[in-house]
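As provided, start_39.txt (compact mmCIF, C-alpha atoms) reads as follows.
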# COMPACT_ATOMS: atom_id res chain seq x y z
CA MET A 95 179.68 142.29 204.63
CA SER A 96 177.12 142.47 207.11
CA THR A 97 178.13 141.68 210.52
CA ALA A 98 176.38 140.36 210.42
CA HIS A 99 176.20 138.91 207.74
CA GLY A 100 176.05 135.44 206.88
CA THR A 101 176.47 133.35 209.94
CA THR A 102 175.56 129.85 210.93
CA THR A 103 176.93 127.52 213.53
CA PRO A 104 180.05 125.45 212.91
CA PRO A 105 179.73 121.73 212.19
CA GLY A 106 178.30 119.82 215.13
CA VAL A 107 176.68 122.87 216.76
CA PRO A 108 172.90 122.98 216.33
CA GLY A 109 171.19 126.27 215.68
CA PRO A 110 168.94 128.23 213.32
CA ARG A 111 170.03 130.28 210.34
CA PRO A 112 170.02 133.72 211.97
CA TRP A 113 170.10 136.01 208.99
CA SER A 114 166.79 134.84 207.59
CA ALA A 115 165.21 136.80 210.47
CA ASP A 116 162.74 139.51 209.48
CA PRO A 117 164.43 142.51 211.18
CA TYR A 118 167.56 142.06 209.09
CA SER A 119 165.68 141.34 205.87
CA ASP A 120 163.43 144.36 206.42
CA ALA A 121 166.45 146.59 207.01
CA LEU A 122 168.04 145.47 203.73
CA VAL A 123 164.84 146.18 201.83
CA THR A 124 164.64 149.73 203.14
CA GLY A 125 168.40 150.27 203.29
CA ARG A 126 167.99 151.84 206.71
CA GLY A 127 168.34 151.01 210.39
CA PRO A 128 168.35 151.21 213.22
CA LEU A 129 169.24 147.56 213.71
CA PHE A 130 171.10 145.93 216.57
CA LEU A 131 172.67 142.77 217.87
CA ARG A 132 170.84 142.16 221.13
CA ARG A 133 172.71 140.30 223.84
CA THR A 134 171.06 138.50 226.74
CA ASP A 135 172.58 140.99 229.18
CA GLY A 136 170.39 143.72 227.63
CA TRP A 137 173.03 145.60 225.61
CA LEU A 138 172.33 146.56 222.03
CA LEU A 139 175.19 146.72 219.54
CA PRO A 140 174.29 149.07 216.66
CA LEU A 141 174.73 147.72 213.13
CA GLU A 142 175.68 150.00 210.22
CA VAL A 143 172.91 149.12 207.81
CA GLU A 144 173.14 152.35 205.82
CA ARG A 145 176.85 151.84 205.16
CA TRP A 146 176.39 148.23 204.17
CA CYS A 147 173.60 149.13 201.73
CA ALA A 148 175.53 152.00 200.15
CA ARG A 149 178.25 151.76 197.52
CA ALA A 150 181.74 150.69 198.57
CA ASP A 151 183.36 153.67 200.28
CA ALA A 152 186.96 154.89 200.36
CA VAL A 153 187.85 152.58 203.25
CA ASP A 154 186.37 149.57 201.45
CA LEU A 155 188.46 150.46 198.41
CA THR A 156 191.68 150.19 200.46
CA VAL A 157 190.68 146.59 201.13
CA LEU A 158 189.67 145.76 197.57
CA ALA A 159 192.95 147.19 196.28
CA ARG A 160 194.78 144.42 198.16
CA CYS A 161 192.65 141.58 196.83
CA GLU A 162 194.36 139.05 194.59
CA GLY A 163 192.79 136.95 191.83
CA THR A 164 189.40 135.44 192.58
CA VAL A 165 187.61 136.82 195.64
CA LEU A 166 185.16 135.16 198.03
CA ASP A 167 183.22 137.56 200.29
CA VAL A 168 182.01 135.57 203.29
CA GLY A 169 178.86 137.07 204.78
CA CYS A 170 178.52 139.47 201.87
CA GLY A 171 175.33 141.07 203.18
CA PRO A 172 173.72 143.40 200.61
CA GLY A 173 176.75 143.01 198.37
CA ARG A 174 178.50 146.36 198.04
CA LEU A 175 181.96 144.75 197.86
CA VAL A 176 181.01 141.98 195.44
CA ALA A 177 179.26 144.51 193.22
CA GLU A 178 182.27 146.83 193.22
CA LEU A 179 184.60 143.99 192.29
CA ALA A 180 182.24 142.91 189.51
CA ALA A 181 182.14 146.47 188.16
CA ARG A 182 185.92 146.36 187.98
CA GLY A 183 185.84 143.10 186.07
CA ARG A 184 187.18 141.07 188.99
CA PRO A 185 185.85 137.51 189.50
CA ALA A 186 184.06 137.54 192.84
CA LEU A 187 181.37 135.62 194.68
CA GLY A 188 179.47 136.52 197.82
CA ILE A 189 177.90 134.05 200.21
CA ASP A 190 175.31 134.82 202.86
CA VAL A 191 172.61 132.83 204.63
CA SER A 192 170.15 135.68 204.14
CA GLU A 193 167.91 135.39 201.10
CA ALA A 194 167.37 139.16 201.19
CA ALA A 195 171.13 139.78 201.18
CA VAL A 196 171.70 137.50 198.21
CA ALA A 197 168.85 139.12 196.27
CA HIS A 198 170.18 142.61 197.05
CA THR A 199 173.66 141.60 195.84
CA ALA A 200 172.22 140.31 192.56
CA ARG A 201 170.33 143.58 192.03
CA LEU A 202 173.62 145.45 192.35
CA GLY A 203 175.18 143.28 189.66
CA GLY A 204 177.17 140.94 191.89
CA GLN A 205 177.07 137.15 192.10
CA ALA A 206 176.04 135.57 195.39
CA LEU A 207 174.84 132.27 196.82
CA ARG A 208 172.61 131.63 199.80
CA ARG A 209 175.05 129.45 201.66
CA SER A 210 176.81 129.12 205.00
CA VAL A 211 180.60 129.21 205.00
CA PHE A 212 180.48 125.85 206.80
CA GLU A 213 178.54 124.24 203.95
CA PRO A 214 180.11 122.95 200.72
CA LEU A 215 181.06 125.85 198.46
CA PRO A 216 182.12 126.14 194.82
CA GLY A 217 185.84 126.39 194.20
CA GLU A 218 186.96 125.08 197.58
CA GLY A 219 190.74 125.29 197.84
CA ARG A 220 190.97 127.49 194.75
CA TRP A 221 190.02 130.98 195.96
CA ASP A 222 192.87 133.48 195.88
CA THR A 223 191.38 135.95 198.36
CA ALA A 224 188.66 135.75 201.01
CA LEU A 225 187.08 138.58 202.97
CA LEU A 226 185.75 138.61 206.54
CA LEU A 227 184.67 142.23 206.92
CA ASP A 228 182.04 144.14 208.91
CA GLY A 229 182.42 141.88 211.93
CA ASN A 230 182.14 138.59 210.04
CA VAL A 231 185.12 137.15 211.90
CA GLY A 232 182.39 136.47 214.48
CA ILE A 233 180.54 134.01 212.27
CA GLY A 234 179.79 130.80 214.16
CA GLY A 235 181.07 132.12 217.49
CA ASP A 236 184.30 130.14 217.13
CA PRO A 237 187.17 132.06 215.46
CA ALA A 238 189.46 129.02 215.47
CA ALA A 239 186.92 126.94 213.56
CA LEU A 240 186.27 129.77 211.13
CA LEU A 241 189.97 130.34 210.43
CA HIS A 242 190.38 126.61 209.82
CA ARG A 243 187.50 126.68 207.37
CA MET A 244 188.90 129.71 205.55
CA ALA A 245 192.20 127.88 205.07
CA GLN A 246 190.29 125.08 203.36
CA LEU A 247 188.62 127.50 200.97
CA LEU A 248 191.76 129.36 199.91
CA THR A 249 194.68 128.25 197.81
CA PRO A 250 197.86 127.29 199.73
CA ARG A 251 199.09 130.86 199.27
CA GLY A 252 195.68 132.46 199.49
CA LEU A 253 195.05 135.81 201.17
CA LEU A 254 192.51 136.38 203.94
CA ILE A 255 191.56 139.96 204.86
CA VAL A 256 189.84 140.34 208.23
CA GLU A 257 188.27 143.38 209.85
CA THR A 258 188.76 143.54 213.61
CA LEU A 259 187.77 145.73 216.52
CA ALA A 260 189.76 148.94 216.40
CA ASP A 261 192.60 149.37 218.90
CA VAL A 262 191.37 146.99 221.58
CA ASP A 263 192.40 143.52 222.70
CA VAL A 264 189.03 141.78 222.76
CA ASP A 265 188.49 138.04 222.52
CA GLU A 266 184.81 137.55 223.22
CA ARG A 267 183.18 134.31 222.21
CA VAL A 268 179.56 133.83 223.14
CA SER A 269 177.61 130.62 223.50
CA VAL A 270 174.91 129.31 221.21
CA HIS A 271 171.58 131.19 221.44
CA ILE A 272 172.94 134.31 223.13
CA VAL A 273 172.78 136.99 220.40
CA ARG A 274 169.83 138.09 218.29
CA VAL A 275 169.21 140.64 215.55
CA ALA A 276 166.67 143.19 216.79
CA ASP A 277 165.04 146.45 215.77
CA PRO A 278 163.83 149.33 217.98
CA ARG A 279 160.38 147.72 218.24
CA SER A 280 162.04 144.79 220.04
CA THR A 281 161.29 142.51 217.11
CA ALA A 282 164.07 139.93 217.27
CA GLY A 283 165.19 137.06 215.09
CA PRO A 284 166.41 133.67 216.31
CA ALA A 285 169.43 133.42 218.57
CA PHE A 286 172.83 132.43 217.24
CA PRO A 287 176.50 132.25 218.33
CA TRP A 288 178.79 135.18 217.68
CA ALA A 289 182.30 136.39 218.48
CA ARG A 290 184.15 139.71 218.54
CA LEU A 291 187.92 140.02 218.13
CA GLY A 292 190.42 142.80 218.40
CA THR A 293 193.57 142.66 216.30
CA PRO A 294 195.82 141.09 219.00
CA ALA A 295 193.31 138.30 219.61
CA LEU A 296 192.92 137.63 215.90
CA LEU A 297 196.68 137.39 215.48
CA ARG A 298 196.89 134.90 218.35
CA HIS A 299 194.20 132.70 216.81
CA ALA A 300 195.78 133.04 213.36
CA ALA A 301 199.26 132.08 214.58
CA ARG A 302 197.92 128.95 216.25
CA ALA A 303 196.10 128.05 213.04
CA GLY A 304 199.26 128.43 210.93
CA TRP A 305 198.42 131.70 209.21
CA HIS A 306 201.15 134.22 208.42
CA ARG A 307 200.52 137.91 209.05
CA GLU A 308 201.15 139.85 205.87
CA GLY A 309 199.86 143.30 206.67
CA GLN A 310 197.89 145.40 209.10
CA TRP A 311 196.35 148.83 208.64
CA SER A 312 193.65 151.22 209.80
CA ALA A 313 191.49 153.58 207.75
CA GLY A 314 188.45 155.63 208.62
CA GLY A 315 188.35 154.28 212.15
CA ARG A 316 188.30 150.67 210.94
CA SER A 317 191.07 148.10 211.43
CA PHE A 318 192.18 145.31 209.10
CA VAL A 319 194.63 142.42 209.04
CA ALA A 320 195.85 140.54 205.97
CA LEU A 321 196.78 136.90 206.57
CA ARG A 322 198.55 134.50 204.23
CA ASN A 323 197.29 130.93 204.18
CA ARG A 324 199.40 128.14 205.71
CA ASP A 325 202.25 127.06 203.47
CA GLY A 326 202.17 130.52 201.97
CA ARG A 327 204.95 133.09 201.92
CA ASP A 328 205.11 136.18 204.05
CA GLY A 329 204.61 139.31 202.02
CA PRO A 330 207.51 141.56 200.98
CA ASP A 331 206.51 144.12 203.55
CA ASP A 332 204.80 144.00 206.91
CA ARG A 333 202.76 147.17 207.14
CA ASP A 334 201.80 146.90 210.75
CA ASP A 335 204.47 148.51 212.94
CA ARG A 336 202.60 151.76 213.29
CA ASP A 337 199.33 150.05 214.15
CA ASP A 338 201.03 147.68 216.60
CA ARG A 339 202.56 150.63 218.43
CA ASN A 340 199.22 152.38 218.55
CA SER A 341 197.23 149.30 219.51
CA ARG A 342 195.69 149.66 222.94
CA SER A 343 195.43 146.41 224.87
CA THR A 344 192.52 146.42 227.28
CA SER A 345 192.27 142.72 228.03
CA SER A 346 194.39 139.64 227.54
CA ALA A 347 191.42 137.31 227.94
CA ALA A 348 187.83 137.10 226.84
CA GLU A 349 185.76 140.11 227.86
CA PRO A 350 182.99 139.73 230.40
CA PRO A 351 179.40 139.84 229.11
CA ASN A 352 179.10 143.55 229.94
CA SER A 353 182.05 144.51 227.75
CA THR A 354 181.70 148.00 226.37
CA ALA A 355 183.91 147.50 223.31
CA VAL A 356 181.86 147.54 220.12
CA ILE A 357 183.13 146.13 216.87
CA ASN A 358 183.90 148.92 214.45
CA SER A 359 181.36 147.65 211.96
CA GLN A 360 178.76 147.77 214.71
CA ARG A 361 179.63 151.10 216.28
CA ALA A 362 176.93 153.63 217.00
CA ARG A 363 176.90 156.83 215.01
CA LYS A 364 176.39 159.12 218.01
CA PRO A 365 177.49 157.16 221.11
CA SER A 366 181.18 156.49 221.66
CA PRO A 367 182.57 153.69 219.45
CA GLU A 368 183.46 151.82 222.64
CA SER A 369 180.05 152.09 224.29
CA PRO A 370 177.11 149.89 223.32
CA VAL A 371 173.69 151.47 223.52
CA ALA A 372 171.75 150.40 226.56
CA ASN A 373 168.48 148.62 225.92
CA ARG A 374 165.57 150.98 226.38
Output the file's structure as structure tokens, nothing else.
Amino acid sequence: MSTAHGTTTPPGVPGPRPWSADPYSDALVTGRGPLFLRRTDGWLLPLEVERWCARADAVDLTVLARCEGTVLDVGCGPGRLVAELAARGRPALGIDVSEAAVAHTARLGGQALRRSVFEPLPGEGRWDTALLLDGNVGIGGDPAALLHRMAQLLTPRGLLIVETLADVDVDERVSVHIVRVADPRSTAGPAFPWARLGTPALLRHAARAGWHREGQWSAGGRSFVALRNRDGRDGPDDRDDRDDRNSRSTSSAAEPPNSTAVINSQRARKPSPESPVANR
């Protein structure tokens, strides 16, 4: 849940645990931003701290309504989704590398572990549903590696729900030590790898990894894709025709560093959703 939200590097890639950085932890304590992902080109991508620290909203509920069985929230952040599932009596676990995020989740009544998705996890291969929301498809900076790892965590017919950039074809993968969490005072945490994907790019990565697309929808300006794990069955309906027709492809390759597309979970409240805020 926090784009942040629970990321470390994939196996074999050295790097610090980014979400133990003070700017992020401080923001979770206060429940307020502003907070940004700072890129080396000087752009700041706003993060929606207030939304993450609030209760699950109507858009979140459209996602939770599709969850099946046991649920693993990867990069759970302050835990609004895990807490909502727990309140409904659904078995759910959040993981995040931020100690502050895990503590916040516990205070809300959810269960969470301070763990990277690339580390050993309880119930591997037995989770029915996994969530990669609020930009967490960017964890590790390597979507292919992350999708492979998610397949290992889910059952053979497990469901993965991913939030993507809205209505743009973005496939931006950045190198190690290129993105940092920062606040307006220019306090910044350690650098870490990150990625941003639009729906078309996610579907390309998913198809190569053997996932089956089960559904696709948009709500409240946010976009989601449901994927069925390899060896699973396609769902009875494919709710994506409308979104496919409306999808606006702006690039068939990775965006340049100065890309102005901002992941929906990182969009600014006042600037255009497609325009990062220039560093001041």
Find, counting only C-alpha atoms, the residue in A:Asp222, A:Asp236, A:Glu257, A:Asp265 that gets nearest to Glu162 (chain A). A:Asp222
CA of Asp154 (chain A) and CA of Leu129 (chain A), how far apart in Å? 21.2 Å
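Shortest separation to Leu122 (chain A) among A:Cys161, A:Cys147, A:Leu207, A:Leu187 occurs at residue A:Cys147, atoms counted being only C-alpha atoms.
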Surrounding residues of Pro185 (chain A) excluding itself and chain neighbours under 2 positions, 10 Å, all atoms listed in the file, as a PDB file with C-alpha atoms, in the frame of the given file:
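File written: out.pdb
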ATOM      1  CA  GLY A 163     192.790 136.950 191.830  1.00  0.00           C
ATOM      2  CA  THR A 164     189.400 135.440 192.580  1.00  0.00           C
ATOM      3  CA  VAL A 165     187.610 136.820 195.640  1.00  0.00           C
ATOM      4  CA  LEU A 166     185.160 135.160 198.030  1.00  0.00           C
ATOM      5  CA  VAL A 176     181.010 141.980 195.440  1.00  0.00           C
ATOM      6  CA  LEU A 179     184.600 143.990 192.290  1.00  0.00           C
ATOM      7  CA  ALA A 180     182.240 142.910 189.510  1.00  0.00           C
ATOM      8  CA  ALA A 181     182.140 146.470 188.160  1.00  0.00           C
ATOM      9  CA  ARG A 182     185.920 146.360 187.980  1.00  0.00           C
ATOM     10  CA  GLY A 183     185.840 143.100 186.070  1.00  0.00           C
ATOM     11  CA  LEU A 187     181.370 135.620 194.680  1.00  0.00           C
ATOM     12  CA  GLY A 204     177.170 140.940 191.890  1.00  0.00           C
ATOM     13  CA  GLN A 205     177.070 137.150 192.100  1.00  0.00           C
TER      14      GLN A 205
END
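For the set A:Arg307, A:Arg290, A:Arg243, A:Arg174, the residue with the smallest atom-to-atom gap to Leu215 (chain A) is A:Arg243, counting all atoms listed in the file.
Straight-line separation from CA of Ala238 (chain A) to CA of Glu218 (chain A): 18.5 Å.
Taking all atoms listed in the file, the non-local environment of Leu247 (chain A) within 10 Å (same-chain residues fewer than 3 positions away omitted) comprises Leu166, Val211, Pro214, Leu215, Pro216, Gly217, Glu218, Gly219, Arg220, Trp221, Asp222, Thr223, Ala224, Leu241, His242, Arg243, Met244, Pro250, Gly252 and Asn323 of chain A.
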Check the smallest atom-to-atom distance from each of A:Glu213, A:Glu144, A:Asp151, A:Asp120 to Gly314 (chain A) using only C-alpha atoms, then report the winner. A:Asp151
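When all atoms listed in the file are used to compute distances to Ser119 (chain A), the closest of the residues A:Ala313, A:Leu139, A:Val196, A:Leu202 turns out to be A:Val196.
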